[in-house]
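**Q** Here you go, this is start18.cif (mmCIF, C-alpha atoms).
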data_work
#
loop_
_atom_site.label_atom_id
_atom_site.label_comp_id
_atom_site.auth_asym_id
_atom_site.auth_seq_id
_atom_site.Cartn_x
_atom_site.Cartn_y
_atom_site.Cartn_z
CA MET A 29 0.00 0.00 0.00
CA ASP A 30 1.22 3.49 -0.86
CA TRP A 31 0.80 5.57 2.31
CA PHE A 32 1.25 8.75 0.26
CA GLU A 33 -1.08 7.97 -2.65
CA TYR A 34 -3.57 10.69 -1.71
CA GLU A 35 -0.89 13.23 -0.82
CA ASN A 36 0.99 12.59 -4.08
CA SER A 37 -2.21 12.81 -6.10
CA ALA A 38 -2.88 16.25 -4.59
CA LYS A 39 0.69 17.35 -5.30
CA ALA A 40 0.28 16.22 -8.91
CA GLN A 41 -2.71 18.58 -9.13
CA GLY A 42 -0.47 21.46 -8.05
CA TYR A 43 -1.21 21.64 -4.33
CA LYS A 44 1.77 22.48 -2.12
CA ALA A 45 0.82 22.10 1.54
CA ILE A 46 -1.38 19.05 2.20
CA CYS A 47 -2.63 18.27 5.66
CA GLY A 48 -4.31 15.19 7.07
CA VAL A 49 -7.22 15.71 9.46
CA ASP A 50 -8.90 13.28 11.87
CA GLU A 51 -10.92 13.32 15.07
CA ALA A 52 -11.07 11.35 18.30
CA GLY A 53 -13.93 11.08 20.73
CA ARG A 54 -17.12 11.35 18.72
CA GLY A 55 -18.67 8.35 20.42
CA PRO A 56 -17.97 8.71 24.19
CA LEU A 57 -20.51 9.73 26.79
CA ALA A 58 -18.14 12.28 28.32
CA GLY A 59 -15.36 14.71 27.49
CA PRO A 60 -14.60 16.98 24.53
CA VAL A 61 -14.19 15.84 20.94
CA TYR A 62 -10.64 16.30 19.67
CA ALA A 63 -9.22 16.81 16.18
CA ALA A 64 -5.72 17.10 14.79
CA ALA A 65 -4.22 18.37 11.54
CA VAL A 66 -0.78 17.28 10.35
CA ILE A 67 1.44 18.24 7.42
CA LEU A 68 4.18 15.65 6.86
CA PRO A 69 7.31 16.12 4.74
CA GLU A 70 7.12 14.46 1.32
CA GLY A 71 7.82 10.72 1.59
CA CYS A 72 8.20 10.88 5.37
CA VAL A 73 8.49 7.36 6.78
CA ILE A 74 7.30 6.79 10.34
CA ASP A 75 7.73 3.17 11.39
CA GLY A 76 4.57 1.64 12.83
CA LEU A 77 2.27 4.43 11.65
CA ASN A 78 -1.32 3.20 11.36
CA ASP A 79 -4.91 4.01 12.23
CA SER A 80 -4.83 4.92 15.95
CA LYS A 81 -7.54 2.33 16.70
CA LYS A 82 -5.35 -0.49 15.37
CA ILE A 83 -2.31 0.08 17.57
CA SER A 84 -1.77 -0.20 21.30
CA GLU A 85 -1.88 2.72 23.69
CA LYS A 86 1.85 2.28 24.38
CA LYS A 87 2.63 2.40 20.64
CA ARG A 88 0.42 5.47 20.14
CA GLU A 89 2.26 7.27 22.95
CA ALA A 90 5.62 6.49 21.32
CA LEU A 91 4.42 7.60 17.87
CA PHE A 92 2.95 10.81 19.28
CA ASP A 93 6.40 12.30 19.88
CA VAL A 94 7.84 10.98 16.60
CA ILE A 95 5.01 12.54 14.59
CA LYS A 96 5.41 15.91 16.32
CA GLU A 97 9.16 15.78 15.69
CA LYS A 98 8.91 14.87 11.99
CA ALA A 99 5.87 16.90 10.96
CA LEU A 100 6.35 20.17 9.10
CA ALA A 101 3.37 21.46 11.05
CA TYR A 102 0.74 20.05 13.39
CA CYS A 103 -2.09 21.33 15.56
CA VAL A 104 -4.44 19.63 18.01
CA ALA A 105 -7.75 21.27 18.92
CA SER A 106 -11.02 20.37 20.59
CA ALA A 107 -14.66 21.29 20.98
CA SER A 108 -16.09 21.30 24.48
CA VAL A 109 -18.97 19.35 26.01
CA GLU A 110 -20.95 22.61 25.95
CA GLU A 111 -20.33 22.96 22.21
CA ILE A 112 -21.29 19.33 21.62
CA GLU A 113 -24.58 19.95 23.43
CA GLN A 114 -25.24 23.26 21.67
CA PHE A 115 -24.33 22.29 18.10
CA ASN A 116 -24.54 18.43 18.17
CA ILE A 117 -21.60 16.06 17.93
CA LEU A 118 -21.16 16.24 14.15
CA ASN A 119 -20.98 20.03 14.06
CA ALA A 120 -18.77 20.11 17.17
CA THR A 121 -16.41 17.69 15.42
CA PHE A 122 -16.27 20.04 12.43
CA ILE A 123 -15.53 22.96 14.78
CA ALA A 124 -12.61 21.03 16.29
CA MET A 125 -11.34 20.12 12.82
CA ARG A 126 -11.51 23.73 11.63
CA ARG A 127 -9.65 24.89 14.73
CA ALA A 128 -6.93 22.30 14.15
CA VAL A 129 -6.44 23.27 10.50
CA GLU A 130 -6.57 27.00 11.22
CA GLY A 131 -3.99 26.51 13.98
CA LEU A 132 -1.33 25.08 11.65
CA GLU A 133 1.77 27.25 11.36
CA ILE A 134 1.93 26.39 7.66
CA LYS A 135 -1.35 27.26 5.97
CA PRO A 136 -2.50 24.26 3.93
CA ASP A 137 -4.02 24.61 0.49
CA TYR A 138 -5.46 21.07 0.57
CA ALA A 139 -6.84 18.83 3.32
CA LEU A 140 -7.39 15.09 3.44
CA VAL A 141 -10.17 14.48 5.96
CA ASP A 142 -11.06 11.11 7.44
CA GLY A 143 -14.68 10.08 6.84
CA ASN A 144 -17.33 11.04 4.33
CA ARG A 145 -18.46 14.44 5.61
CA ASP A 146 -16.87 17.71 4.55
CA PRO A 147 -16.15 19.93 7.58
CA LYS A 148 -16.10 23.06 5.36
CA LEU A 149 -12.49 24.10 5.83
CA PHE A 150 -10.95 27.23 4.32
CA CYS A 151 -8.94 25.13 1.84
CA ASP A 152 -9.83 22.54 -0.79
CA THR A 153 -10.80 19.27 0.84
CA LEU A 154 -11.03 15.58 -0.02
CA THR A 155 -12.90 13.27 2.35
CA VAL A 156 -11.45 9.75 2.55
CA ILE A 157 -13.50 6.93 4.05
CA LYS A 158 -11.28 4.93 6.44
CA GLY A 159 -8.61 7.49 5.60
CA ASP A 160 -6.70 6.75 8.80
CA ALA A 161 -5.80 3.38 7.27
CA LYS A 162 -5.01 4.78 3.80
CA SER A 163 -3.17 8.08 4.22
CA ALA A 164 -0.01 8.76 6.26
CA SER A 165 -1.14 12.32 7.02
CA ILE A 166 -4.57 11.25 8.26
CA ALA A 167 -3.09 8.36 10.27
CA ALA A 168 -0.67 10.79 11.93
CA ALA A 169 -3.56 13.14 12.74
CA SER A 170 -5.59 10.27 14.19
CA ILE A 171 -2.78 9.42 16.61
CA LEU A 172 -2.25 13.03 17.74
CA ALA A 173 -5.99 13.47 18.32
CA LYS A 174 -6.43 10.14 20.13
CA VAL A 175 -3.42 10.51 22.44
CA SER A 176 -4.28 14.14 23.25
CA ARG A 177 -7.85 13.23 24.16
CA ASP A 178 -6.79 10.23 26.23
CA ARG A 179 -4.36 12.41 28.17
CA TYR A 180 -7.13 14.93 28.83
CA MET A 181 -9.39 12.16 30.14
CA LEU A 182 -6.61 11.05 32.50
CA GLU A 183 -6.53 14.61 33.87
CA ILE A 184 -10.31 14.55 34.39
CA ASP A 185 -9.93 11.23 36.18
CA LYS A 186 -7.84 12.95 38.86
CA LEU A 187 -10.65 15.47 39.46
CA VAL A 188 -13.52 12.97 39.58
CA PRO A 189 -11.90 9.57 40.20
CA GLN A 190 -15.22 7.95 41.07
CA TYR A 191 -16.13 7.74 37.36
CA CYS A 192 -12.97 5.74 36.42
CA PHE A 193 -12.29 7.87 33.32
CA ALA A 194 -8.69 6.59 33.24
CA GLN A 195 -10.02 3.13 32.42
CA HIS A 196 -12.73 3.79 29.84
CA LYS A 197 -11.80 7.31 28.60
CA GLY A 198 -15.47 8.30 28.65
CA TYR A 199 -16.73 5.54 26.35
CA GLY A 200 -19.97 3.75 27.12
CA THR A 201 -18.59 0.69 28.87
CA LYS A 202 -20.50 -1.37 31.43
CA LEU A 203 -18.30 0.10 34.17
CA HIS A 204 -18.95 3.67 33.02
CA TYR A 205 -22.74 3.19 33.00
CA GLU A 206 -22.52 1.67 36.48
CA LYS A 207 -20.61 4.71 37.76
CA ILE A 208 -23.12 7.13 36.22
CA ARG A 209 -25.97 5.26 37.94
CA GLU A 210 -24.07 5.39 41.21
CA TYR A 211 -22.85 9.00 41.12
CA GLY A 212 -25.14 10.74 38.62
CA VAL A 213 -24.15 12.91 35.66
CA SER A 214 -21.04 15.09 36.05
CA GLU A 215 -20.16 18.36 34.35
CA TYR A 216 -17.90 16.33 32.04
CA HIS A 217 -20.73 14.20 30.66
CA ARG A 218 -22.70 14.85 27.47
CA PRO A 219 -26.38 14.90 28.54
CA SER A 220 -27.63 14.36 24.99
CA PHE A 221 -25.69 11.08 24.87
CA LEU A 222 -27.45 9.83 28.00
CA LYS A 223 -31.05 10.43 26.92
CA THR A 224 -31.66 6.76 26.11
CA MET A 225 -29.78 5.45 29.15
CA LYS A 226 -31.81 3.00 31.20
CA TRP A 227 -31.51 4.01 34.84
#
Translate the structure of the given file into structure tokens.
**A**
Amino acid sequence: MDWFEYENSAKAQGYKAICGVDEAGRGPLAGPVYAAAVILPEGCVIDGLNDSKKISEKKREALFDVIKEKALAYCVASASVEEIEQFNILNATFIAMRRAVEGLEIKPDYALVDGNRDPKLFCDTLTVIKGDAKSASIAAASILAKVSRDRYMLEIDKLVPQYCFAQHKGYGTKLHYEKIREYGVSEYHRPSFLKTMKW
């Protein structure tokens, strides 16, 4: 598989600065949604790079620093629980993605975005279904977003340890539902995600 097929195709069309964009945390019951944007040097090889969901937490942590070191530019951003509730999770994800792209030190003229929905960035955009397993730039973004969000959830865990956020990172596990039933809904939870919860 050519990890740079999409990037090279964009370069062949005349684009100069191509970023990969991905999110982390659309599905959880708690915490912000994160997004990252990454511009990699042409032909940049990062051993072990893959979709963040397919590699271990330890491997993601190791790759996090390598990606930041090798990238020409990167930015991680988020949208808050309040924004998720106000605008819905899809629009909040787009807000996080736009913040990540706009925060890049090098302004991209083309973006490869994981998924099938266009977040309406300020540059030309190509959506790539399962892009985090097809494009080096998107895979790098997926790791930065995932690790950043996990680290944030570990910080929340110190503030409200009774919810065990360090273990489930806010996802809807059996343990998490049990803790919500025991302690109620915290300020870190997304009320709209708990509407169908059986108490």
**Q** Find the residue from A:Ala105, A:Ile112, A:Cys151, A:Ala164 that sits nearest to A:Val73; use only C-alpha atoms when measuring.
**A**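 Distance minimum relative to A:Val73 lands on A:Ala164.
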**Q** Take the point (-18.5, 12.9, 27.0) in the file's coordinates, draw a sphere of radius 6 Å around it, and report as a PyMOL selection string every protein, DNA or RNA residue with an atom inside or on it, counting all atoms listed in the file.
**A** chain A and resi 56-59+198+217-218
**Q** For A:Gly42, please output as a count of residues only all residues within 12 Å (counting all atoms listed in the file; exclusion window: fewer than 5 positions along the same chain).
**A** 6
**Q** Which of these, A:Ala128, A:Ala99, A:Val94, A:Met29, has the shortest distance to A:Val49 once you count only C-alpha atoms?
**A** A:Ala128
**Q** Give the answer as one residue: which of A:Ala45, A:Ala90, A:Ile171, A:Leu149 has the shortest atom-to-atom distance to A:Ala63, using all atoms listed in the file?
**A** A:Ile171
**Q** Suppose a student applies the PyMOL selection byres ((chain A and resi 74) around 9) to this structure; what residues should they get, written as a list of chain:residue names?
**A**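 So the PyMOL selection byres ((chain A and resi 74) around 9), applied here, picks out A:Cys72, A:Val73, A:Asp75, A:Gly76, A:Leu77, A:Leu91, A:Val94, A:Ile95, A:Lys98, A:Ala164.
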**Q** Check the smallest atom-to-atom distance from each of A:Leu118, A:Ala161, A:Ala65, A:Cys47 to A:Asp30 using all atoms listed in the file, then report the winner.
**A**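 Closest to A:Asp30, using all atoms listed in the file: A:Ala161.
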**Q** On this structure, the PyMOL selection byres ((chain A and resi 64) around 10) would catch which residues? List them as a PDB file with C-alpha atoms, in the coordinates of the input, sorted by chain and number.
**A**
ATOM      1  CA  CYS A  47      -2.630  18.270   5.660  1.00  0.00           C
ATOM      2  CA  GLY A  48      -4.310  15.190   7.070  1.00  0.00           C
ATOM      3  CA  VAL A  49      -7.220  15.710   9.460  1.00  0.00           C
ATOM      4  CA  ASP A  50      -8.900  13.280  11.870  1.00  0.00           C
ATOM      5  CA  GLU A  51     -10.920  13.320  15.070  1.00  0.00           C
ATOM      6  CA  ALA A  52     -11.070  11.350  18.300  1.00  0.00           C
ATOM      7  CA  TYR A  62     -10.640  16.300  19.670  1.00  0.00           C
ATOM      8  CA  ALA A  63      -9.220  16.810  16.180  1.00  0.00           C
ATOM      9  CA  ALA A  65      -4.220  18.370  11.540  1.00  0.00           C
ATOM     10  CA  VAL A  66      -0.780  17.280  10.350  1.00  0.00           C
ATOM     11  CA  TYR A 102       0.740  20.050  13.390  1.00  0.00           C
ATOM     12  CA  CYS A 103      -2.090  21.330  15.560  1.00  0.00           C
ATOM     13  CA  VAL A 104      -4.440  19.630  18.010  1.00  0.00           C
ATOM     14  CA  ALA A 105      -7.750  21.270  18.920  1.00  0.00           C
ATOM     15  CA  SER A 106     -11.020  20.370  20.590  1.00  0.00           C
ATOM     16  CA  ALA A 124     -12.610  21.030  16.290  1.00  0.00           C
ATOM     17  CA  MET A 125     -11.340  20.120  12.820  1.00  0.00           C
ATOM     18  CA  ARG A 126     -11.510  23.730  11.630  1.00  0.00           C
ATOM     19  CA  ARG A 127      -9.650  24.890  14.730  1.00  0.00           C
ATOM     20  CA  ALA A 128      -6.930  22.300  14.150  1.00  0.00           C
ATOM     21  CA  VAL A 129      -6.440  23.270  10.500  1.00  0.00           C
ATOM     22  CA  GLY A 131      -3.990  26.510  13.980  1.00  0.00           C
ATOM     23  CA  LEU A 132      -1.330  25.080  11.650  1.00  0.00           C
ATOM     24  CA  ILE A 166      -4.570  11.250   8.260  1.00  0.00           C
ATOM     25  CA  ALA A 168      -0.670  10.790  11.930  1.00  0.00           C
ATOM     26  CA  ALA A 169      -3.560  13.140  12.740  1.00  0.00           C
ATOM     27  CA  SER A 170      -5.590  10.270  14.190  1.00  0.00           C
ATOM     28  CA  ILE A 171      -2.780   9.420  16.610  1.00  0.00           C
ATOM     29  CA  LEU A 172      -2.250  13.030  17.740  1.00  0.00           C
ATOM     30  CA  ALA A 173      -5.990  13.470  18.320  1.00  0.00           C
ATOM     31  CA  LYS A 174      -6.430  10.140  20.130  1.00  0.00           C
ATOM     32  CA  SER A 176      -4.280  14.140  23.250  1.00  0.00           C
TER      33      SER A 176
END
**Q** So what do you get for atom CA of A:Tyr43 versus atom CA of A:Glu70, distance-wise?
**A**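 Answer for the atom CA of A:Tyr43 to atom CA of A:Glu70 separation: 12.4 Å.
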**Q** Using only C-alpha atoms and a cutoff of 12 Å, can you tell me which residues are near (-10.2, 11.0, 34.3) in the file's coordinates, and write them out as a count of residues only?
**A** 29
**Q** Can you tell me how far atom CA of A:Ile157 sits from atom CA of A:Lys87, in Å to one decimal?
**A**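 Here the two named atoms are 23.6 Å from each other.
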**Q** Work out how far atom CA of A:Lys148 is from atom CA of A:Pro136, in Å to one decimal.
**A**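 For atom CA of A:Pro136 relative to atom CA of A:Lys148, the distance reads 13.7 Å.
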**Q** Nearest residue to A:Lys207 out of A:Trp227, A:Glu85, A:Lys162, A:Phe32, using all atoms listed in the file?
**A** A:Trp227
**Q** Check the smallest atom-to-atom distance from each of A:Phe122, A:Asp142, A:Glu113, A:Ser84 to A:Leu222 using only C-alpha atoms, then report the winner.
**A**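 Among the listed residues, the smallest separation from A:Leu222 belongs to A:Glu113.
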**Q** For stretch 80-92 of chain A, what centre and edge lengths in Å (one decimal) does the axis-aligned box get once 3 Å is added on each side of all its listed atoms, as JSON?
**A**
{"center_x": -1.0, "center_y": 5.2, "center_z": 19.9, "size_x": 19.2, "size_y": 17.3, "size_z": 15.0}
**Q** Applying 7 Å and all atoms listed in the file, which residues near A:Leu100 remain after dropping the ones on its own chain fewer than 4 positions away? List them as a compact mmCIF listing (two decimals) with C-alpha atoms, in the coordinates of the input.
**A**
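Result file follows (result08.txt):
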# COMPACT_ATOMS: atom_id res chain seq x y z
CA ILE A 67 1.44 18.24 7.42
CA LEU A 68 4.18 15.65 6.86
CA PRO A 69 7.31 16.12 4.74
**Q** Could I get stretch 114-149 of chain A from the block written as an mmCIF file, in the first residue's frame, with N, CA and C atoms?
**A**
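What landed in selection.cif:
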data_model
loop_
_atom_site.group_PDB
_atom_site.id
_atom_site.type_symbol
_atom_site.label_atom_id
_atom_site.label_comp_id
_atom_site.auth_asym_id
_atom_site.auth_seq_id
_atom_site.Cartn_x
_atom_site.Cartn_y
_atom_site.Cartn_z
ATOM 1 N N GLN A 114 -24.600 22.132 22.380
ATOM 2 C CA GLN A 114 -25.236 23.257 21.670
ATOM 3 C C GLN A 114 -25.389 22.986 20.177
ATOM 4 N N PHE A 115 -24.356 22.399 19.562
ATOM 5 C CA PHE A 115 -24.329 22.291 18.100
ATOM 6 C C PHE A 115 -24.513 20.866 17.577
ATOM 7 N N ASN A 116 -24.521 19.878 18.412
ATOM 8 C CA ASN A 116 -24.542 18.428 18.172
ATOM 9 C C ASN A 116 -23.140 17.918 17.856
ATOM 10 N N ILE A 117 -22.945 16.635 17.985
ATOM 11 C CA ILE A 117 -21.596 16.064 17.928
ATOM 12 C C ILE A 117 -20.956 16.220 16.544
ATOM 13 N N LEU A 118 -21.737 16.106 15.490
ATOM 14 C CA LEU A 118 -21.161 16.240 14.146
ATOM 15 C C LEU A 118 -20.615 17.651 13.941
ATOM 16 N N ASN A 119 -21.424 18.645 14.256
ATOM 17 C CA ASN A 119 -20.978 20.032 14.065
ATOM 18 C C ASN A 119 -19.841 20.393 15.016
ATOM 19 N N ALA A 120 -19.865 19.859 16.230
ATOM 20 C CA ALA A 120 -18.773 20.109 17.172
ATOM 21 C C ALA A 120 -17.470 19.488 16.653
ATOM 22 N N THR A 121 -17.589 18.321 16.026
ATOM 23 C CA THR A 121 -16.414 17.685 15.421
ATOM 24 C C THR A 121 -15.845 18.569 14.320
ATOM 25 N N PHE A 122 -16.724 19.129 13.497
ATOM 26 C CA PHE A 122 -16.272 20.038 12.427
ATOM 27 C C PHE A 122 -15.601 21.280 13.013
ATOM 28 N N ILE A 123 -16.134 21.799 14.119
ATOM 29 C CA ILE A 123 -15.531 22.963 14.782
ATOM 30 C C ILE A 123 -14.105 22.624 15.218
ATOM 31 N N ALA A 124 -13.943 21.456 15.840
ATOM 32 C CA ALA A 124 -12.609 21.026 16.288
ATOM 33 C C ALA A 124 -11.661 20.871 15.103
ATOM 34 N N MET A 125 -12.166 20.302 14.010
ATOM 35 C CA MET A 125 -11.338 20.121 12.815
ATOM 36 C C MET A 125 -10.909 21.468 12.236
ATOM 37 N N ARG A 126 -11.847 22.402 12.162
ATOM 38 C CA ARG A 126 -11.510 23.729 11.627
ATOM 39 C C ARG A 126 -10.475 24.413 12.514
ATOM 40 N N ARG A 127 -10.627 24.291 13.819
ATOM 41 C CA ARG A 127 -9.650 24.889 14.734
ATOM 42 C C ARG A 127 -8.268 24.282 14.535
ATOM 43 N N ALA A 128 -8.223 22.963 14.337
ATOM 44 C CA ALA A 128 -6.930 22.297 14.146
ATOM 45 C C ALA A 128 -6.252 22.780 12.866
ATOM 46 N N VAL A 129 -7.017 22.847 11.782
ATOM 47 C CA VAL A 129 -6.445 23.267 10.495
ATOM 48 C C VAL A 129 -6.029 24.738 10.544
ATOM 49 N N GLU A 130 -6.876 25.564 11.139
ATOM 50 C CA GLU A 130 -6.566 26.997 11.217
ATOM 51 C C GLU A 130 -5.387 27.272 12.151
ATOM 52 N N GLY A 131 -5.088 26.331 13.046
ATOM 53 C CA GLY A 131 -3.987 26.509 13.980
ATOM 54 C C GLY A 131 -2.629 26.070 13.442
ATOM 55 N N LEU A 132 -2.607 25.518 12.240
ATOM 56 C CA LEU A 132 -1.334 25.081 11.653
ATOM 57 C C LEU A 132 -0.438 26.279 11.343
ATOM 58 N N GLU A 133 0.832 26.154 11.636
ATOM 59 C CA GLU A 133 1.771 27.247 11.357
ATOM 60 C C GLU A 133 1.993 27.426 9.860
ATOM 61 N N ILE A 134 1.886 26.324 9.130
ATOM 62 C CA ILE A 134 1.929 26.393 7.660
ATOM 63 C C ILE A 134 0.487 26.304 7.174
ATOM 64 N N LYS A 135 0.033 27.272 6.425
ATOM 65 C CA LYS A 135 -1.354 27.262 5.973
ATOM 66 C C LYS A 135 -1.517 26.275 4.818
ATOM 67 N N PRO A 136 -2.336 25.247 4.987
ATOM 68 C CA PRO A 136 -2.503 24.257 3.927
ATOM 69 C C PRO A 136 -3.373 24.781 2.790
ATOM 70 N N ASP A 137 -3.118 24.285 1.592
ATOM 71 C CA ASP A 137 -4.024 24.609 0.485
ATOM 72 C C ASP A 137 -4.886 23.400 0.122
ATOM 73 N N TYR A 138 -4.669 22.292 0.839
ATOM 74 C CA TYR A 138 -5.461 21.075 0.570
ATOM 75 C C TYR A 138 -5.523 20.252 1.854
ATOM 76 N N ALA A 139 -6.675 19.659 2.124
ATOM 77 C CA ALA A 139 -6.842 18.831 3.324
ATOM 78 C C ALA A 139 -7.432 17.481 2.963
ATOM 79 N N LEU A 140 -6.851 16.441 3.525
ATOM 80 C CA LEU A 140 -7.394 15.087 3.437
ATOM 81 C C LEU A 140 -8.080 14.810 4.768
ATOM 82 N N VAL A 141 -9.392 14.603 4.734
ATOM 83 C CA VAL A 141 -10.171 14.476 5.964
ATOM 84 C C VAL A 141 -10.742 13.070 6.078
ATOM 85 N N ASP A 142 -10.522 12.449 7.227
ATOM 86 C CA ASP A 142 -11.061 11.111 7.444
ATOM 87 C C ASP A 142 -12.591 11.148 7.476
ATOM 88 N N GLY A 143 -13.215 10.170 6.816
ATOM 89 C CA GLY A 143 -14.675 10.076 6.842
ATOM 90 C C GLY A 143 -15.302 10.464 5.519
ATOM 91 N N ASN A 144 -16.611 10.712 5.568
ATOM 92 C CA ASN A 144 -17.333 11.039 4.327
ATOM 93 C C ASN A 144 -18.081 12.369 4.415
ATOM 94 N N ARG A 145 -17.778 13.151 5.452
ATOM 95 C CA ARG A 145 -18.463 14.438 5.609
ATOM 96 C C ARG A 145 -17.449 15.577 5.556
ATOM 97 N N ASP A 146 -17.756 16.564 4.747
ATOM 98 C CA ASP A 146 -16.867 17.713 4.547
ATOM 99 C C ASP A 146 -17.059 18.719 5.686
ATOM 100 N N PRO A 147 -15.999 18.995 6.461
ATOM 101 C CA PRO A 147 -16.145 19.934 7.582
ATOM 102 C C PRO A 147 -16.119 21.404 7.171
ATOM 103 N N LYS A 148 -16.080 21.675 5.869
ATOM 104 C CA LYS A 148 -16.101 23.061 5.356
ATOM 105 C C LYS A 148 -14.896 23.858 5.887
ATOM 106 N N LEU A 149 -13.728 23.421 5.470
ATOM 107 C CA LEU A 149 -12.488 24.095 5.831
ATOM 108 C C LEU A 149 -12.254 25.271 4.887
#
